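Student: Could you have a look at this structure, given as structure tokens, before my questions?
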Amino acid sequence: MDVRPIAGSIGAEILGVDLARDLGDQGVVGAIRRAFLDHLVVFFRDQTLTSADFLRFAQSIGQPLDYPFVPGLDGFSVITPVVKRPDQTIAFGGNWHTDTTYFAEPPTATMLVARELPPTGGDTQFANLYLAYEALSDGMKALLAGLRSVSRSDKAEASRTREDRATAERTVLVADHPVVRTHPETGRKSLFVNLAHTAHFVGMTEAESMPILRYLFAHQVRPEFTCRFRWAPGSVALWDNRCTLHSAINDYNGHRREMHRITLAGDVPV
Ligand code: SIN
């Protein structure tokens, strides 16, 4: 197994693993987990995975979860289809976010397998929230220490990226989390707010919170904290949802893109 970084600060491709066959080997699963913790998002290419194989891979890493806003595939309720049809202009996940931070226990990790892609475009970007935290001034770190923020599933930035907006706006999920989160496995601190779901700081109004949040949302995605992945059918990504943001680039109107997604159970951020 070979782990090759794809950018200076986040992301690595893992070569030499067949996810449909090699997972019986605890050494392989352990090495994938190590690379995932070190690089925050790992990618595999040319995988031939049925839905059952994809689910088995997910179960080798964690415990798959249902997603509240999009029904799962027939027979695989935890596999969420993420589809953009040629007649649609909205792309699910088409802005910077951490998945479902409106849960009290947001997912540990998310995985995607590419099933159908546009001829060009439809890449996904990822950002490293450890580096985003570490690059803040001591003054800003002191200001954020001890602050909590509220995530909402109906924040306009999130619901704008969903076709099923009516459902999303009827079922509103809300949770609050520390703005600076300590990773339970690596012990590193990350800047745990995101444009799509973070609405305001606990105990402050939106108007009071937004000037600082807007600064943090822009700071988190400085190019030097990011990588960009070009998918091909059979590509798989696995990212650490505790210390990353991602954004699906919506640059392929008129074409179809279909990804299958699984999120893995997480814990209460501290
Ligand atoms: C997502 O935000 O989970 C989807 C990302 C993508 O489709 O690239």
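To be explicit about the labels: the chains of the structure tokens are called A, B, and onward in the order shown, and within each one the residues are counted from 1, while ligands get numbers from 1 in the order they are shown.
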Please identify all polymer residues within 12 Å of A:Asp22, counting only C-alpha atoms, omitting same-chain residues fewer than 2 positions from it, and present them as a PyMOL selection string.

Tutor: chain A and resi 1+16-20+24-32+47+53+56-57+60

Student: Just to be explicit: take each residue in the selection above, keep N, CA, C and O atoms, and write the result as a compact mmCIF listing (two decimals), in the first residue's frame.

Tutor:
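Contents of out.txt, freshly written:
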```txt
# COMPACT_ATOMS: atom_id res chain seq x y z
N MET A 1 0.85 -1.20 0.00
CA MET A 1 0.00 0.00 0.00
C MET A 1 0.89 1.25 0.00
O MET A 1 1.84 1.33 0.75
N GLY A 16 -2.78 0.67 -4.36
CA GLY A 16 -2.45 -0.72 -4.03
C GLY A 16 -3.44 -1.38 -3.09
O GLY A 16 -3.11 -2.38 -2.46
N VAL A 17 -4.67 -0.81 -2.99
CA VAL A 17 -5.70 -1.44 -2.14
C VAL A 17 -6.94 -1.69 -2.99
O VAL A 17 -7.38 -0.80 -3.72
N ASP A 18 -7.49 -2.90 -2.90
CA ASP A 18 -8.75 -3.23 -3.53
C ASP A 18 -9.79 -3.30 -2.41
O ASP A 18 -9.79 -4.26 -1.62
N LEU A 19 -10.64 -2.26 -2.33
CA LEU A 19 -11.55 -2.16 -1.19
C LEU A 19 -12.59 -3.28 -1.19
O LEU A 19 -13.21 -3.56 -0.16
N ALA A 20 -12.81 -3.92 -2.32
CA ALA A 20 -13.77 -5.02 -2.36
C ALA A 20 -13.16 -6.31 -1.81
O ALA A 20 -13.88 -7.23 -1.46
N GLY A 24 -10.44 -7.78 4.82
CA GLY A 24 -10.32 -8.83 5.83
C GLY A 24 -8.99 -8.69 6.57
O GLY A 24 -8.80 -9.24 7.65
N ASP A 25 -8.08 -7.93 5.99
CA ASP A 25 -6.73 -7.80 6.55
C ASP A 25 -6.71 -6.59 7.50
O ASP A 25 -6.78 -5.44 7.07
N GLN A 26 -6.64 -6.86 8.79
CA GLN A 26 -6.69 -5.77 9.79
C GLN A 26 -5.52 -4.80 9.61
O GLN A 26 -5.63 -3.61 9.93
N GLY A 27 -4.42 -5.31 9.04
CA GLY A 27 -3.27 -4.44 8.79
C GLY A 27 -3.64 -3.38 7.76
O GLY A 27 -3.26 -2.20 7.90
N VAL A 28 -4.39 -3.78 6.73
CA VAL A 28 -4.80 -2.82 5.69
C VAL A 28 -5.75 -1.79 6.28
O VAL A 28 -5.59 -0.58 6.09
N VAL A 29 -6.74 -2.27 7.04
CA VAL A 29 -7.72 -1.33 7.63
C VAL A 29 -7.00 -0.36 8.58
O VAL A 29 -7.24 0.85 8.56
N GLY A 30 -6.06 -0.88 9.36
CA GLY A 30 -5.31 -0.02 10.29
C GLY A 30 -4.49 1.02 9.54
O GLY A 30 -4.42 2.19 9.94
N ALA A 31 -3.88 0.61 8.41
CA ALA A 31 -3.06 1.56 7.63
C ALA A 31 -3.95 2.62 6.98
O ALA A 31 -3.56 3.80 6.89
N ILE A 32 -5.15 2.23 6.53
CA ILE A 32 -6.08 3.22 5.96
C ILE A 32 -6.47 4.23 7.05
O ILE A 32 -6.48 5.44 6.84
N GLN A 47 -11.92 1.70 -8.07
CA GLN A 47 -12.51 0.66 -7.23
C GLN A 47 -13.79 0.14 -7.88
O GLN A 47 -14.56 0.91 -8.44
N ASP A 53 -20.44 -3.95 -1.05
CA ASP A 53 -18.99 -3.76 -0.80
C ASP A 53 -18.74 -2.40 -0.14
O ASP A 53 -17.92 -2.28 0.78
N ARG A 56 -19.70 -2.53 3.39
CA ARG A 56 -18.70 -3.29 4.16
C ARG A 56 -17.48 -2.42 4.46
O ARG A 56 -16.94 -2.44 5.56
N PHE A 57 -17.05 -1.66 3.46
CA PHE A 57 -15.91 -0.76 3.68
C PHE A 57 -16.26 0.23 4.81
O PHE A 57 -15.48 0.43 5.75
N SER A 60 -16.07 -1.25 8.13
CA SER A 60 -14.72 -1.55 8.62
C SER A 60 -14.10 -0.32 9.29
O SER A 60 -13.15 -0.42 10.04
```

Student: Given a cut-off of 10 Å, what residues near ligand 1 show up using only C-alpha atoms and all ligand atoms, put as JSON, numbers by chain?

Tutor: {"A": [80, 81, 82, 83, 84, 91, 92, 93, 94, 95, 96, 97, 98, 99, 100, 110, 111, 112, 113, 114, 122, 123, 124, 125, 126, 161, 229, 230, 231, 237, 245, 246, 247, 248, 249, 250, 257, 258, 259, 260, 261, 262, 263]}

Student: Smallest atom-to-atom distance to A:Leu131: which of A:Thr182, A:Ser190, A:Ser235, A:Ser209, using only C-alpha atoms?

Tutor: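 Comparing A:Thr182, A:Ser190, A:Ser235, A:Ser209 against A:Leu131, the winner is A:Ser190.
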
Student: From the list A:Val193, A:Leu216, A:Ala156, A:Leu264, which residue is nearest A:Asp240 when using only C-alpha atoms?

Tutor: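 With only C-alpha atoms as the atom set, the closest residue is A:Leu264.
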
Student: From a backbone DSSP assignment, name each residue in stretch 73-138 of chain A labelled helix (DSSP H, G or I), as number ranges by chain.

Tutor: A: 129-134, 138

Student: Taking C-alpha atoms for each residue, export the selection above as a tab-separated table (two decimals), in the first residue's frame.

Tutor:
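Output file result-v2.tsv is given in full below:
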```
chain	number	residue	atom	x	y	z
A	129	LEU	CA	-9.39	22.95	9.90
A	130	TYR	CA	-6.36	22.19	12.10
A	131	LEU	CA	-4.26	24.54	9.99
A	132	ALA	CA	-7.07	27.09	9.91
A	133	TYR	CA	-7.03	27.14	13.73
A	134	GLU	CA	-3.25	27.14	14.06
A	138	ASP	CA	-3.11	34.54	19.59
```

Student: With distances taken over only C-alpha atoms, which residue among A:Gly72, A:Asp154, A:Ala142, A:Thr108 lies nearest A:Arg170?

Tutor: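 Checking each of A:Gly72, A:Asp154, A:Ala142, A:Thr108 against A:Arg170, counting only C-alpha atoms, the winner is A:Asp154.
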
Student: Between atom CA of A:Gln88 and atom CA of A:Leu195, what is the distance in Å, rounded to a tenth?

Tutor: 22.7 Å

Student: With distances taken over only C-alpha atoms, which of A:Glu206, A:Ser149, A:His197, A:Leu136 is nearest to A:Val172?

Tutor: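 So, comparing all the options, the nearest one is A:His197.
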
Student: Which residue, A:Leu49, A:Leu55, A:Ile90, A:Asp176, has the smallest gap to A:Phe76 when you use only C-alpha atoms?

Tutor: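 Looking at the shortest contact to A:Phe76, the residue is A:Leu55.
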
Student: In Å, with one decimal, what is the gap from atom CA of A:Gly254 to atom CA of A:Val236?

Tutor: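 We find that atom CA of A:Gly254 and atom CA of A:Val236 lie 23.8 Å from each other.
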
Student: Looking only at the backbone, which of the residues in stretch 42-181 of chain A does DSSP tag as strand (DSSP E), as number ranges by chain?

Tutor: A: 42-44, 64-65, 80-84, 109-116, 124-128, 148-152, 174-178, 180-181

Student: Name all residues at most 7 Å from A:Pro118 (count only C-alpha atoms; drop same-chain ones fewer than 6 positions away) and give them as a CSV table (one decimal) with N, CA and C atoms, in the first residue's frame.

Tutor:
```
chain,number,residue,atom,x,y,z
A,252,TYR,N,-21.1,22.1,-13.9
A,252,TYR,CA,-21.3,21.1,-14.9
A,252,TYR,C,-22.8,21.0,-15.3
A,255,HIS,N,-25.3,18.3,-17.3
A,255,HIS,CA,-24.7,16.9,-17.2
A,255,HIS,C,-25.2,16.2,-15.9
A,256,ARG,N,-25.1,14.9,-15.9
A,256,ARG,CA,-25.5,14.1,-14.7
A,256,ARG,C,-24.3,13.8,-13.9
A,257,ARG,N,-24.4,13.9,-12.6
A,257,ARG,CA,-23.4,13.4,-11.7
A,257,ARG,C,-24.1,12.6,-10.6
```

Student: To one decimal in Å, tell me the separation between atom CA of A:Met140 and atom CA of A:Thr226.

Tutor: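 So the two atoms, atom CA of A:Met140 and atom CA of A:Thr226, lie 21.3 Å apart.
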
Student: With only C-alpha atoms as the basis for distance, which of A:Ile6, A:Ala12, A:Ala265, A:Val221 is at the shortest distance from A:Ala58?

Tutor: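 Looking only at the distances to A:Ala58, the closest residue turns out to be A:Ala265.
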
Student: If you count only C-alpha atoms, which residues fall within 12 Å of A:Ser137, apart from same-chain ones fewer than 6 positions away, as a PyMOL selection string?

Tutor: chain A and resi 143-144+216+219
